[in-house]
>>> print(open('query33.txt').read())   # compact mmCIF, C-alpha atoms
# COMPACT_ATOMS: atom_id res chain seq x y z
CA MET W 244 22.69 -48.93 61.09
CA THR W 245 26.13 -50.55 61.25
CA ASN W 246 29.02 -50.03 58.86
CA ASP W 247 30.92 -52.98 57.40
CA ALA W 248 33.73 -52.77 59.96
CA LEU W 249 31.33 -52.72 62.90
CA GLN W 250 29.37 -55.62 61.44
CA SER W 251 32.62 -57.58 61.12
CA LEU W 252 33.34 -56.88 64.79
CA LEU W 253 29.83 -57.96 65.79
CA ASP W 254 30.26 -61.13 63.73
CA LEU W 255 33.56 -61.72 65.53
CA LEU W 256 31.75 -61.64 68.88
CA ASP W 257 29.01 -63.98 67.66
CA LEU W 258 30.84 -67.15 68.62
CA GLU W 259 30.05 -70.54 67.14
CA ARG W 260 28.79 -73.05 69.69
CA ILE W 261 30.51 -76.35 68.89
CA GLU W 262 29.50 -78.31 71.99
CA GLN W 263 27.89 -77.75 75.39
CA ASP W 264 29.89 -74.89 76.98
CA ILE W 265 32.48 -74.93 74.17
CA PHE W 266 32.64 -72.13 71.62
CA ARG W 267 34.85 -71.20 68.69
CA GLY W 268 35.91 -67.78 67.45
CA THR W 269 38.08 -66.28 64.73
CA SER W 270 40.30 -63.17 64.71
CA LEU W 271 40.53 -59.82 62.95
CA PRO W 272 43.87 -58.34 61.82
CA ALA W 273 45.63 -56.36 64.56
CA ILE W 274 48.20 -53.55 64.61
CA VAL W 275 50.85 -56.08 65.64
CA PRO W 276 51.13 -59.64 64.21
CA ARG W 277 49.27 -61.37 67.03
CA VAL W 278 45.70 -61.65 68.28
CA PHE W 279 44.51 -58.38 69.86
CA GLY W 280 44.09 -58.92 73.60
CA GLY W 281 40.82 -57.01 73.78
CA GLN W 282 39.35 -59.38 71.20
CA VAL W 283 40.20 -62.49 73.24
CA ALA W 284 38.85 -60.91 76.44
CA ALA W 285 35.61 -59.86 74.74
CA GLN W 286 35.10 -63.24 73.09
CA ALA W 287 35.77 -65.06 76.37
CA LEU W 288 33.17 -62.87 78.10
CA VAL W 289 30.69 -63.66 75.31
CA ALA W 290 31.32 -67.38 75.89
CA ALA W 291 30.80 -67.01 79.64
CA GLY W 292 27.69 -64.89 79.20
CA ARG W 293 26.03 -67.43 76.93
CA THR W 294 25.96 -69.93 79.80
CA VAL W 295 24.35 -67.50 82.26
CA PRO W 296 20.64 -66.60 82.70
CA GLN W 297 19.77 -63.40 80.85
CA ASP W 298 18.60 -61.67 84.03
CA ARG W 299 22.16 -61.74 85.44
CA ALA W 300 24.48 -59.00 84.21
CA ALA W 301 28.28 -59.17 84.14
CA HIS W 302 29.70 -57.15 87.04
CA SER W 303 33.39 -58.12 86.95
CA LEU W 304 36.09 -60.00 85.08
CA HIS W 305 39.66 -60.93 85.89
CA ALA W 306 41.93 -62.28 83.18
CA TYR W 307 45.49 -63.34 82.37
CA PHE W 308 47.11 -63.31 78.94
CA LEU W 309 49.24 -66.47 78.88
CA ARG W 310 50.57 -66.85 75.34
CA THR W 311 50.63 -64.88 72.10
CA GLY W 312 47.59 -65.71 70.01
CA ASP W 313 47.85 -66.80 66.38
CA PRO W 314 45.52 -64.60 64.28
CA GLY W 315 45.41 -67.21 61.51
CA ALA W 316 43.95 -69.99 63.65
CA PRO W 317 40.57 -70.35 65.39
CA ILE W 318 40.34 -69.94 69.15
CA VAL W 319 38.35 -72.44 71.22
CA TYR W 320 36.71 -71.15 74.42
CA GLU W 321 35.94 -73.74 77.09
CA VAL W 322 33.55 -72.58 79.83
CA ASP W 323 33.57 -74.05 83.34
CA ARG W 324 30.36 -73.44 85.34
CA ILE W 325 32.00 -72.72 88.68
CA ARG W 326 28.93 -71.61 90.65
CA ASP W 327 25.25 -70.74 90.24
CA GLY W 328 24.09 -69.04 93.42
CA ARG W 329 20.95 -67.17 94.42
CA SER W 330 22.38 -63.78 93.44
CA PHE W 331 25.71 -64.45 91.74
CA THR W 332 26.91 -66.71 88.94
CA THR W 333 30.60 -67.43 88.36
CA ARG W 334 32.22 -68.73 85.19
CA ARG W 335 35.80 -69.59 84.24
CA VAL W 336 36.86 -69.58 80.59
CA VAL W 337 40.02 -70.98 79.02
CA ALA W 338 40.92 -69.89 75.48
CA VAL W 339 42.87 -72.58 73.63
CA GLN W 340 44.91 -72.51 70.43
CA HIS W 341 47.08 -75.28 68.99
CA GLY W 342 46.34 -77.39 72.08
CA GLN W 343 47.62 -74.81 74.57
CA PRO W 344 45.84 -72.24 76.77
CA ILE W 345 46.51 -68.67 75.63
CA PHE W 346 44.12 -66.85 77.98
CA HIS W 347 42.23 -67.41 81.25
CA LEU W 348 39.19 -65.42 82.35
CA SER W 349 37.02 -65.51 85.46
CA ALA W 350 33.76 -63.59 85.26
CA SER W 351 30.99 -62.94 87.74
CA PHE W 352 27.36 -62.11 86.99
CA GLN W 353 24.70 -60.76 89.35
CA ALA W 354 20.93 -60.56 89.42
CA TYR W 355 19.78 -56.93 89.74
CA GLU W 356 19.30 -55.57 93.24
CA ASP W 357 19.06 -52.17 94.95
CA GLY W 358 21.82 -51.01 97.27
CA LEU W 359 24.02 -48.17 98.47
CA ASP W 360 25.07 -45.83 95.67
CA HIS W 361 27.93 -43.35 95.35
CA GLN W 362 30.67 -42.67 92.82
CA GLU W 363 33.76 -40.63 92.10
CA PRO W 364 32.77 -37.63 89.97
CA MET W 365 33.59 -37.51 86.29
CA PRO W 366 36.73 -35.45 85.55
CA PRO W 367 36.61 -32.47 83.19
CA ALA W 368 36.82 -33.36 79.50
CA PRO W 369 35.95 -31.55 76.26
CA ASP W 370 32.95 -32.45 74.12
CA PRO W 371 33.96 -35.44 71.93
CA GLU W 372 32.37 -33.82 68.89
CA THR W 373 35.03 -31.06 69.09
CA LEU W 374 37.91 -33.58 68.88
CA PRO W 375 39.45 -34.99 65.69
CA SER W 376 38.56 -38.50 64.57
CA ALA W 377 41.29 -41.00 63.68
CA GLU W 378 40.67 -40.27 59.98
CA GLU W 379 41.29 -36.57 60.61
CA LEU W 380 44.24 -36.97 62.98
CA LEU W 381 46.41 -39.82 61.73
CA PRO W 382 47.03 -39.06 58.02
CA ALA W 383 48.39 -35.63 58.98
CA HIS W 384 51.12 -37.39 61.00
CA ALA W 385 52.06 -40.20 58.60
CA ASP W 386 55.74 -39.23 58.91
CA LYS W 387 55.74 -40.32 62.57
CA PHE W 388 55.53 -44.01 61.63
CA PRO W 389 58.71 -45.76 60.42
CA ASP W 390 56.56 -48.48 58.86
CA PRO W 391 53.95 -46.94 56.53
CA GLY W 392 51.76 -50.01 57.02
CA VAL W 393 51.25 -49.07 60.67
CA LEU W 394 49.13 -46.06 59.69
CA ASP W 395 46.80 -48.26 57.65
CA ARG W 396 46.53 -50.79 60.49
CA LEU W 397 45.79 -48.03 63.03
CA LEU W 398 43.03 -46.66 60.82
CA GLU W 399 41.66 -50.16 60.25
CA SER W 400 41.60 -50.83 64.01
CA ARG W 401 39.48 -47.66 64.46
CA ALA W 402 37.05 -48.44 61.64
CA ALA W 403 34.42 -50.05 63.90
CA VAL W 404 34.94 -47.76 66.89
CA ASP W 405 35.19 -43.97 66.80
CA LEU W 406 38.04 -43.30 69.23
CA ARG W 407 39.04 -39.68 69.90
CA TYR W 408 41.98 -38.58 72.06
CA VAL W 409 41.59 -35.49 74.23
CA ASP W 410 45.35 -34.82 73.88
CA ASP W 411 47.79 -36.17 71.31
CA PRO W 412 48.35 -39.92 71.68
CA PRO W 413 51.84 -41.11 72.63
CA TYR W 414 52.73 -42.33 69.15
CA LEU W 415 52.42 -38.74 67.87
CA THR W 416 54.43 -37.17 70.70
CA ALA W 417 57.37 -39.58 71.06
CA GLY W 418 60.61 -37.80 71.88
CA ARG W 419 58.99 -34.63 73.25
CA GLY W 420 59.83 -35.68 76.79
CA PRO W 421 57.75 -36.97 79.71
CA ARG W 422 54.18 -35.84 80.26
CA GLU W 423 51.73 -36.36 83.08
CA PRO W 424 50.93 -40.10 83.13
CA ARG W 425 47.31 -39.54 82.21
CA SER W 426 45.32 -39.98 79.01
CA GLN W 427 41.69 -39.40 78.11
CA VAL W 428 39.85 -40.94 75.19
CA TRP W 429 36.22 -40.72 74.10
CA PHE W 430 34.83 -43.74 72.25
CA ARG W 431 31.66 -45.22 70.81
CA THR W 432 30.83 -47.73 68.11
CA ARG W 433 30.28 -46.39 64.59
CA GLY W 434 26.64 -47.41 64.46
CA LYS W 435 23.72 -48.32 66.69
CA LEU W 436 23.68 -51.63 68.51
CA ALA W 437 21.00 -54.02 69.70
CA ASP W 438 19.76 -53.59 73.27
CA ASP W 439 21.51 -56.73 74.60
CA PRO W 440 23.41 -55.53 77.74
CA LEU W 441 26.03 -58.27 77.36
CA LEU W 442 26.91 -57.01 73.88
CA HIS W 443 27.62 -53.49 75.20
CA VAL W 444 29.74 -54.86 78.05
CA CYS W 445 31.73 -57.05 75.66
CA LEU W 446 32.35 -54.18 73.25
CA ALA W 447 33.62 -52.00 76.10
CA THR W 448 35.89 -54.90 77.07
CA TYR W 449 37.20 -55.00 73.50
CA VAL W 450 37.98 -51.27 73.44
CA SER W 451 39.43 -51.19 76.96
CA ASP W 452 42.63 -52.90 75.79
CA MET W 453 43.32 -50.40 72.99
CA THR W 454 44.75 -47.48 74.97
CA LEU W 455 45.06 -48.38 78.67
CA LEU W 456 48.87 -48.43 78.77
CA ASP W 457 49.17 -45.06 76.97
CA SER W 458 49.67 -43.30 80.28
CA VAL W 459 52.70 -45.50 81.03
CA LEU W 460 54.28 -44.39 77.75
CA LEU W 461 53.49 -40.72 78.32
CA ALA W 462 55.32 -40.74 81.66
CA HIS W 463 58.54 -41.61 79.82
CA GLY W 464 58.15 -39.76 76.53
CA ARG W 465 57.76 -43.00 74.60
CA GLY W 466 55.58 -43.55 71.56
CA GLY W 467 55.00 -47.25 71.99
CA TRP W 468 54.69 -50.24 69.71
CA ALA W 469 53.36 -48.21 66.76
CA VAL W 470 56.64 -46.28 66.42
CA GLY W 471 58.95 -49.01 67.70
CA ASP W 472 60.53 -47.35 70.74
CA VAL W 473 58.85 -49.78 73.15
CA VAL W 474 57.87 -53.44 72.93
CA GLY W 475 55.21 -54.92 75.13
CA ALA W 476 52.10 -56.97 75.66
CA SER W 477 49.20 -57.19 78.08
CA LEU W 478 49.77 -59.42 81.10
CA ASP W 479 46.49 -59.23 83.00
CA HIS W 480 43.24 -57.29 82.85
CA ALA W 481 40.44 -56.63 85.33
CA MET W 482 37.14 -54.78 84.92
CA TRP W 483 34.23 -53.94 87.21
CA PHE W 484 30.92 -52.96 85.61
CA HIS W 485 29.15 -50.62 88.01
CA ARG W 486 26.19 -49.18 86.09
CA PRO W 487 24.42 -49.84 82.78
CA PHE W 488 25.77 -48.09 79.69
CA ARG W 489 25.64 -48.24 75.91
CA ALA W 490 28.78 -48.74 73.84
CA ASP W 491 27.10 -46.94 70.91
CA GLU W 492 26.93 -43.71 72.93
CA TRP W 493 29.95 -41.59 73.87
CA LEU W 494 31.98 -42.96 76.79
CA LEU W 495 34.93 -41.19 78.42
CA TYR W 496 37.92 -43.46 79.14
CA ASP W 497 39.97 -41.65 81.80
CA GLN W 498 43.31 -43.45 82.22
CA GLN W 499 46.42 -43.00 84.37
CA SER W 500 49.52 -44.92 85.41
CA PRO W 501 50.50 -45.05 89.09
CA SER W 502 53.65 -47.14 88.52
CA ALA W 503 56.11 -48.72 86.10
CA SER W 504 58.99 -50.95 87.23
CA GLY W 505 60.65 -54.27 86.50
CA GLY W 506 59.77 -54.19 82.81
CA ARG W 507 56.07 -53.80 83.63
CA GLY W 508 53.68 -50.86 83.60
CA LEU W 509 50.35 -50.48 85.38
CA GLY W 510 47.35 -48.63 84.00
CA THR W 511 44.19 -47.80 85.92
CA ALA W 512 41.08 -46.23 84.43
CA ARG W 513 37.45 -45.32 84.77
CA ILE W 514 34.83 -45.22 82.05
CA TYR W 515 32.06 -42.62 82.36
CA THR W 516 28.89 -42.06 80.37
CA SER W 517 28.56 -38.63 78.76
CA ASP W 518 26.12 -37.58 81.50
CA GLY W 519 28.69 -38.32 84.22
CA ARG W 520 27.77 -41.78 85.51
CA LEU W 521 30.70 -44.02 86.47
CA ALA W 522 30.08 -47.13 84.37
CA VAL W 523 33.29 -49.21 84.56
CA SER W 524 36.59 -49.41 86.45
CA VAL W 525 39.59 -51.00 84.71
CA ILE W 526 43.08 -52.09 85.76
CA GLN W 527 45.72 -53.61 83.51
CA GLU W 528 49.39 -54.50 83.81
CA GLY W 529 51.55 -55.05 80.75
CA VAL W 530 55.11 -55.78 79.75
CA VAL W 531 56.75 -52.49 78.73
CA ARG W 532 60.34 -52.90 77.57
CA VAL W 533 62.69 -50.51 75.82
CA PRO W 534 64.49 -52.22 72.91
CA ARG W 535 68.26 -52.54 73.33
CA SER W 536 68.89 -50.09 70.48
CA HIS W 537 67.09 -47.40 72.49
>>> encode(input="query33.txt", output="structure tokens")
Amino acid sequence: MTNDALQSLLDLLDLERIEQDIFRGTSLPAIVPRVFGGQVAAQALVAAGRTVPQDRAAHSLHAYFLRTGDPGAPIVYEVDRIRDGRSFTTRRVVAVQHGQPIFHLSASFQAYEDGLDHQEPMPPAPDPETLPSAEELLPAHADKFPDPGVLDRLLESRAAVDLRYVDDPPYLTAGRGPREPRSQVWFRTRGKLADDPLLHVCLATYVSDMTLLDSVLLAHGRGGWAVGDVVGASLDHAMWFHRPFRADEWLLYDQQSPSASGGRGLGTARIYTSDGRLAVSVIQEGVVRVPRSH
């Protein structure tokens, strides 16, 4: 059974088909006054997936964020059928607002086949049920946010997805000094989902943009956009889907940052199922700038 927030997110991903290979989507409010990048990526993957045979699962995506999205205007997704091969299908999607592209995505889909199998083991992590939820953690630290509206927006952004940090998130530890550039988060949707594999992949895509640059902030003792000591935005995003998973069951998002330079920070991550299977690999680079006043 889904709660209202999760149903709103599912409705958001249920794009309107307005023409052959052209879809239209709307936006939910975000923490910052622009379209949330994970939403655009997830919607673009939905658009691509709806032009692909159901027996071919998404195995990778590569995307660029080109312009800030307007949350008050619809987004049109135009799908280009690049290739339909014997084993692989490739799609390119352009997201357009106000006559300009705001996002490009290339996605590849593959028919199931057997092959070699190995993986990097899952790192140690505590049971997610022992960690505080956003509703338990955030109100106790309301004084950390210079804008009281940020707390409400953070809670709203977690209403559809139960997201639990293993250690304190950067926006609660700003000013304490640098930490190891690594962050772990458990997540799952707040309700059961249909068995459609594309839906689970798209929801993981949505969540993957929420916390991936946390490790960049931790390396420099910064709290990020929520507390105003850093400004930034996603630049590009890549994901590889290795094994089947469910977004309504606990997933461990193990994230780290190997580098930050030139006003950009890089985050790399792996997503594991609770029984230790490596499900997804993720890489993202974003603009990370310190405001002049800091």
>>> atom_distance(input="query33.txt", atom1="atom CA of Phe484 of chain W", atom2="atom CA of Ile345 of chain W")
24.3 Å
>>> residues_around(input="query33.txt", residues="Pro276 of chain W", least_positions_apart="5", cutoff="10 Å", atoms="only C-alpha atoms", output="ChimeraX atom specification")
/W:311-315
>>> residues_near_point(input="query33.txt", point="(46.2, -35.0, 75.8)", cutoff="10 Å", atoms="all atoms listed in the file", output="PyMOL selection string")
chain W and resi 408-413+416+422-423+425-428+461
>>> atom_distance(input="query33.txt", atom1="atom CA of Ala512 of chain W", atom2="atom CA of Thr373 of chain W")
22.4 Å
>>> residues_near_point(input="query33.txt", point="(46.3, -44.1, 90.8)", cutoff="9 Å", atoms="only C-alpha atoms", output="MDAnalysis selection string")
chainID W and resid 499:502 510:512
>>> closest_residue(input="query33.txt", among="W:Leu495, W:Met365, W:Ala300, W:Ala285", to="Asp439 of chain W", atoms="all atoms listed in the file")
W:Ala300
>>> atom_distance(input="query33.txt", atom1="atom CA of Met453 of chain W", atom2="atom CA of Leu397 of chain W")
10.5 Å
>>> residues_around(input="query33.txt", residues="segment 325-331 of chain W", least_positions_apart="3", cutoff="6 Å", atoms="only C-alpha atoms", output="mmCIF file with C-alpha atoms, in the coordinates of the input")
data_model
loop_
_atom_site.group_PDB
_atom_site.id
_atom_site.type_symbol
_atom_site.label_atom_id
_atom_site.label_comp_id
_atom_site.auth_asym_id
_atom_site.auth_seq_id
_atom_site.Cartn_x
_atom_site.Cartn_y
_atom_site.Cartn_z
ATOM 1 C CA ARG W 334 32.220 -68.730 85.190
ATOM 2 C CA PHE W 352 27.360 -62.110 86.990
ATOM 3 C CA GLN W 353 24.700 -60.760 89.350
ATOM 4 C CA ALA W 354 20.930 -60.560 89.420
#
>>> closest_residue(input="query33.txt", among="W:Leu381, W:Asp357, W:Leu441, W:Thr333", to="Leu256 of chain W", atoms="all atoms listed in the file")
W:Leu441
>>> residues_around(input="query33.txt", residues="Thr432 of chain W", least_positions_apart="2", cutoff="12 Å", atoms="all atoms listed in the file", output="ChimeraX atom specification")
/W:244-250,252-253,400-407,429-430,434-437,442-443,446-447,449-450,489-494
>>> residues_around(input="query33.txt", residues="Gln340 of chain W", least_positions_apart="2", cutoff="12 Å", atoms="all atoms listed in the file", output="list in words")
Arg267, Gly268, Thr269, Ser270, Val278, Val283, Leu309, Arg310, Thr311, Gly312, Asp313, Pro314, Gly315, Ala316, Pro317, Ile318, Val319, Tyr320, Glu321, Val337, Ala338, Gly342, Gln343, Pro344, Ile345 and Phe346 of chain W
>>> closest_residue(input="query33.txt", among="W:Ala522, W:Ala306, W:Val474, W:Val336", to="Phe266 of chain W", atoms="only C-alpha atoms")
W:Val336
>>> closest_residue(input="query33.txt", among="W:Val295, W:Ile265, W:Ala368, W:Ala301", to="Val339 of chain W", atoms="all atoms listed in the file")
W:Ile265
>>> decode(input="query33.txt", residues="segment 290-317 of chain W", atoms="N, CA and C atoms", output="PDB file, in the first residue's frame")
ATOM      1  N   ALA W 290      10.683   7.546 -20.163  1.00  0.00           N
ATOM      2  CA  ALA W 290      10.368   7.806 -21.571  1.00  0.00           C
ATOM      3  C   ALA W 290      11.108   6.833 -22.483  1.00  0.00           C
ATOM      4  N   ALA W 291      12.404   6.641 -22.219  1.00  0.00           N
ATOM      5  CA  ALA W 291      13.184   5.704 -23.034  1.00  0.00           C
ATOM      6  C   ALA W 291      12.631   4.296 -22.917  1.00  0.00           C
ATOM      7  N   GLY W 292      12.340   3.872 -21.687  1.00  0.00           N
ATOM      8  CA  GLY W 292      11.878   2.512 -21.455  1.00  0.00           C
ATOM      9  C   GLY W 292      10.555   2.202 -22.111  1.00  0.00           C
ATOM     10  N   ARG W 293       9.726   3.194 -22.295  1.00  0.00           N
ATOM     11  CA  ARG W 293       8.419   2.965 -22.912  1.00  0.00           C
ATOM     12  C   ARG W 293       8.494   2.765 -24.420  1.00  0.00           C
ATOM     13  N   THR W 294       9.680   2.898 -24.986  1.00  0.00           N
ATOM     14  CA  THR W 294       9.853   2.632 -26.417  1.00  0.00           C
ATOM     15  C   THR W 294      10.668   1.362 -26.647  1.00  0.00           C
ATOM     16  N   VAL W 295      10.872   0.582 -25.592  1.00  0.00           N
ATOM     17  CA  VAL W 295      11.731  -0.602 -25.647  1.00  0.00           C
ATOM     18  C   VAL W 295      10.899  -1.842 -25.323  1.00  0.00           C
ATOM     19  N   PRO W 296      11.137  -2.991 -25.984  1.00  0.00           N
ATOM     20  CA  PRO W 296      10.425  -4.222 -25.630  1.00  0.00           C
ATOM     21  C   PRO W 296      10.575  -4.563 -24.153  1.00  0.00           C
ATOM     22  N   GLN W 297       9.520  -5.095 -23.556  1.00  0.00           N
ATOM     23  CA  GLN W 297       9.524  -5.344 -22.118  1.00  0.00           C
ATOM     24  C   GLN W 297      10.544  -6.394 -21.690  1.00  0.00           C
ATOM     25  N   ASP W 298      11.012  -7.218 -22.612  1.00  0.00           N
ATOM     26  CA  ASP W 298      11.974  -8.251 -22.228  1.00  0.00           C
ATOM     27  C   ASP W 298      13.409  -7.719 -22.201  1.00  0.00           C
ATOM     28  N   ARG W 299      13.595  -6.418 -22.421  1.00  0.00           N
ATOM     29  CA  ARG W 299      14.926  -5.816 -22.376  1.00  0.00           C
ATOM     30  C   ARG W 299      14.999  -4.852 -21.200  1.00  0.00           C
ATOM     31  N   ALA W 300      15.905  -5.144 -20.280  1.00  0.00           N
ATOM     32  CA  ALA W 300      16.032  -4.349 -19.056  1.00  0.00           C
ATOM     33  C   ALA W 300      17.103  -3.276 -19.220  1.00  0.00           C
ATOM     34  N   ALA W 301      16.908  -2.136 -18.568  1.00  0.00           N
ATOM     35  CA  ALA W 301      17.920  -1.076 -18.585  1.00  0.00           C
ATOM     36  C   ALA W 301      19.184  -1.581 -17.896  1.00  0.00           C
ATOM     37  N   HIS W 302      20.329  -1.413 -18.553  1.00  0.00           N
ATOM     38  CA  HIS W 302      21.588  -1.801 -17.911  1.00  0.00           C
ATOM     39  C   HIS W 302      22.547  -0.628 -17.726  1.00  0.00           C
ATOM     40  N   SER W 303      22.283   0.517 -18.388  1.00  0.00           N
ATOM     41  CA  SER W 303      23.143   1.683 -18.149  1.00  0.00           C
ATOM     42  C   SER W 303      22.458   2.947 -18.642  1.00  0.00           C
ATOM     43  N   LEU W 304      22.885   4.063 -18.042  1.00  0.00           N
ATOM     44  CA  LEU W 304      22.477   5.380 -18.534  1.00  0.00           C
ATOM     45  C   LEU W 304      23.624   6.351 -18.332  1.00  0.00           C
ATOM     46  N   HIS W 305      23.690   7.317 -19.221  1.00  0.00           N
ATOM     47  CA  HIS W 305      24.695   8.382 -19.164  1.00  0.00           C
ATOM     48  C   HIS W 305      23.981   9.682 -19.488  1.00  0.00           C
ATOM     49  N   ALA W 306      24.133  10.685 -18.624  1.00  0.00           N
ATOM     50  CA  ALA W 306      23.307  11.878 -18.765  1.00  0.00           C
ATOM     51  C   ALA W 306      24.095  13.142 -18.447  1.00  0.00           C
ATOM     52  N   TYR W 307      23.647  14.242 -19.058  1.00  0.00           N
ATOM     53  CA  TYR W 307      24.191  15.573 -18.779  1.00  0.00           C
ATOM     54  C   TYR W 307      23.047  16.511 -18.412  1.00  0.00           C
ATOM     55  N   PHE W 308      23.247  17.263 -17.336  1.00  0.00           N
ATOM     56  CA  PHE W 308      22.335  18.329 -16.943  1.00  0.00           C
ATOM     57  C   PHE W 308      22.811  19.606 -17.630  1.00  0.00           C
ATOM     58  N   LEU W 309      21.981  20.170 -18.495  1.00  0.00           N
ATOM     59  CA  LEU W 309      22.393  21.272 -19.356  1.00  0.00           C
ATOM     60  C   LEU W 309      21.949  22.641 -18.845  1.00  0.00           C
ATOM     61  N   ARG W 310      20.719  22.712 -18.363  1.00  0.00           N
ATOM     62  CA  ARG W 310      20.170  23.978 -17.877  1.00  0.00           C
ATOM     63  C   ARG W 310      19.312  23.712 -16.641  1.00  0.00           C
ATOM     64  N   THR W 311      19.141  24.748 -15.831  1.00  0.00           N
ATOM     65  CA  THR W 311      18.266  24.650 -14.674  1.00  0.00           C
ATOM     66  C   THR W 311      16.827  24.470 -15.138  1.00  0.00           C
ATOM     67  N   GLY W 312      16.136  23.497 -14.560  1.00  0.00           N
ATOM     68  CA  GLY W 312      14.750  23.251 -14.925  1.00  0.00           C
ATOM     69  C   GLY W 312      13.794  24.142 -14.146  1.00  0.00           C
ATOM     70  N   ASP W 313      12.710  24.522 -14.789  1.00  0.00           N
ATOM     71  CA  ASP W 313      11.673  25.350 -14.193  1.00  0.00           C
ATOM     72  C   ASP W 313      10.602  24.439 -13.599  1.00  0.00           C
ATOM     73  N   PRO W 314      10.456  24.391 -12.259  1.00  0.00           N
ATOM     74  CA  PRO W 314       9.488  23.463 -11.669  1.00  0.00           C
ATOM     75  C   PRO W 314       8.038  23.823 -11.959  1.00  0.00           C
ATOM     76  N   GLY W 315       7.781  25.034 -12.442  1.00  0.00           N
ATOM     77  CA  GLY W 315       6.417  25.449 -12.713  1.00  0.00           C
ATOM     78  C   GLY W 315       5.946  25.171 -14.123  1.00  0.00           C
ATOM     79  N   ALA W 316       6.818  24.604 -14.957  1.00  0.00           N
ATOM     80  CA  ALA W 316       6.462  24.353 -16.356  1.00  0.00           C
ATOM     81  C   ALA W 316       6.608  22.871 -16.673  1.00  0.00           C
ATOM     82  N   PRO W 317       5.798  22.340 -17.594  1.00  0.00           N
ATOM     83  CA  PRO W 317       5.957  20.932 -17.982  1.00  0.00           C
ATOM     84  C   PRO W 317       7.284  20.694 -18.688  1.00  0.00           C
TER      85      PRO W 317
END
